[in-house]
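Worksheet: the structure to be examined is printed underneath.
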Amino acid sequence: MAPVIIHLVASRSKTGKTTILEKVLPILKQRGLKVAVLKGNLHHYELDLPGKDSWRFAEAGADVSGFTTPDNYILIGSNSEKSGTEAAAWLLKDLDLIIIEGNKKTANPKLEVVRSNLNPEPLLLPNTAAVITDLSDLETEVPVIDIDNPTALADFICTEFLGTTAGNAVDLEGIESSDKGEQSGSLTHFDQSGRPRMVDVSKKDQTSREAYARGAITMSRETLDRVMAGSMAKGDVLGVAQVAAVMAVKETGRLIPMAHPLGISGVEVDFNPVEGEPAKIEIGVRVKLAGQTGVEMEALTGVSVAALTIYDMCKAVDKNMTIENIRLIEKKGGRSGHYRREQS
């Protein structure tokens with residue numbers, strides 16, 4: 001996933017942008033974020049002047065030139081198909097956030113610095129997300145952040161640009177992520193910067209796993225009678241729904257973003273017609289696996305797609321059908337042990 005890029009801008013220089021970044025960076029780092037800070041929109045700089053070594057390397061065809069010391073590095077590069085910002089973002093693609101000081105013309109989100117003694121009137125350029133200021137009574141159409149409160153600025157960056165709750169970074173070292181989620185309730189499908197991820201289960205032992213889910217689709221009595229009699233125009237409703245459930249179980253890793261593709265070892269599908277007003281068909285799907293992660297999502301997906309298939313095959317005669325009460329009934333295997341729903 002590409003890093004988020006935001007710009008810190010002001011209508012003039014000497015507004016304290018660098019100081020603001022010096023204060024907010026340690027807070028962002030404490031929250032587990034990987035952050036790059038760049039100067040933006042520079043037209044030349046000492047390292048890349050004609051005749052300098054870095055310039056000569058670039059002229060000779062290097063994609064990236066620069067310098068290293070025993071502890072540090074400086075890289076300079078360009079890309080004929082990308083702007084400087086885009087090229088830098090591509091090189092820094094493993095980071096969470098890139099903050100660029102300057103460049104008011106960018107289309108990227110901006111945080112504008114406004115100082116009472118220097119530039120008391122905000123520019124509010126397009127895509128300005130907030131104003132950082134020492135003015136206590138400034139009224140704008142965007143959020144206002146106290147210039148002396150770097151924690152509030154960090155909170156805003158986390159929630160507005162990274163989609164994570166302020167301060168939610170957690171030390172995950174030494175704990176197997178998926179087991180930790182089962183035992184403590186932590187959200188293991190988010191990394192330390194709050195971004196979605198697929199949990200790494202490679203270190204877990206393969207064990208026998210099983211899950212059983214149920215749901216129902218309600219319909220008129222007449223519709224149920226036609227389903228059971230096999231007289232629907234599209235054919236054998238329950239036969240097709242059974243195949244659909246098995247296919248859905250096998251495709252869960254493609255449908256649910258953070259679910260793992262699994263080598264399913266067994267799928268059982270059952271249907272229970274219930275007469276009444278309204279009538280309904282109860283659907284059950286049991287999934288089995290010898291593997292490193294559970295199959296709850298596979299069972300739930302199988303029930304859901306079976307119900308959707310029944311709806312599709314019957315909708316010509318009954319558009320009032322309702323899919324309802326899809327839930328996990330039982331789960332076996334894994335460190336969390338055996339789970340059984342109290343009311344099935």
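Order determines the names: the first chain of the structure tokens is A, the second B, and so forth; residues in each chain are numbered 1 upward, and ligands are numbered 1 upward as they are shown.
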Legend entry - Exercise: Thr218 of chain A partners within 8 Å, only C-alpha atoms, chain neighbours under 3 positions left out, as a list of chain:residue names: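 Near Thr218 of chain A, the qualifying residues are A:Pro278, A:Ala279, A:Lys280, A:Ile281, A:Met321, A:Thr322, A:Ile323, A:Glu324.
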Inset, instruction - Check the smallest atom-to-atom distance from each of A:Gln343, A:Asn72, A:Thr293, A:Thr223 to Lys319 of chain A using only C-alpha atoms, then report the winner. - result: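 For Lys319 of chain A, the nearest of the candidates is A:Thr223.
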Legend entry - Best match for closeness to Lys315 of chain A among A:Val249, A:Val287, A:Ala233, A:Leu262, counting only C-alpha atoms: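 Using only C-alpha atoms, Lys315 of chain A sits closest to A:Ala233.
Between atom CA of Lys29 of chain A and atom CA of Ala2 of chain A there is a distance of 18.2 Å.
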Legend entry - Straight-line distance linking atom CA of Ile76 of chain A with atom CA of Ala36 of chain A, stated in Å to one decimal: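 Separating atom CA of Ile76 of chain A from atom CA of Ala36 of chain A is a distance of 14.6 Å.
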Inset, instruction - May I ask which of the residues A:Ala60, A:Val35, A:Val267, A:Val9 is the closest one to Glu112 of chain A, counting only C-alpha atoms? - result: A:Val9
Legend entry - strand (DSSP E or B) positions in segment 76-159 of chain A, given as a list in words: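 Answer for segment 76-159 of chain A restricted to strand (DSSP E or B) is Ile76, Gly77, Leu97, Ile98, Ile99, Ile100, Glu101, Lys110, Leu111, Glu112, Val113, Val114, Thr128, Ala129, Ala130, Val131, Ile132, Thr133, Val144, Ile145 and Asp146 of chain A.
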Find the residues near segment 146-157 of chain A: any atom within 6 Å, counting only C-alpha atoms, skip ones fewer than 4 places away on the same chain, and give them as a compact mmCIF listing (two decimals) with N, CA and C atoms, in the first residue's frame.
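Ended up saving to part19.txt:
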# COMPACT_ATOMS: atom_id res chain seq x y z
N VAL A 24 5.87 17.01 16.37
CA VAL A 24 4.86 15.97 16.12
C VAL A 24 5.50 14.65 15.72
N ILE A 132 -3.32 24.98 11.42
CA ILE A 132 -2.54 24.93 12.66
C ILE A 132 -2.19 26.36 13.02
N THR A 133 -2.60 26.83 14.19
CA THR A 133 -2.47 28.26 14.46
C THR A 133 -2.31 28.55 15.95
N ASP A 134 -1.81 29.77 16.24
CA ASP A 134 -1.78 30.27 17.61
C ASP A 134 -2.93 31.23 17.88
N PHE A 161 -6.13 10.92 8.14
CA PHE A 161 -5.40 10.44 6.97
C PHE A 161 -5.09 8.95 7.01
N ALA A 166 -6.53 7.57 17.44
CA ALA A 166 -5.33 8.19 17.99
C ALA A 166 -4.74 7.34 19.09
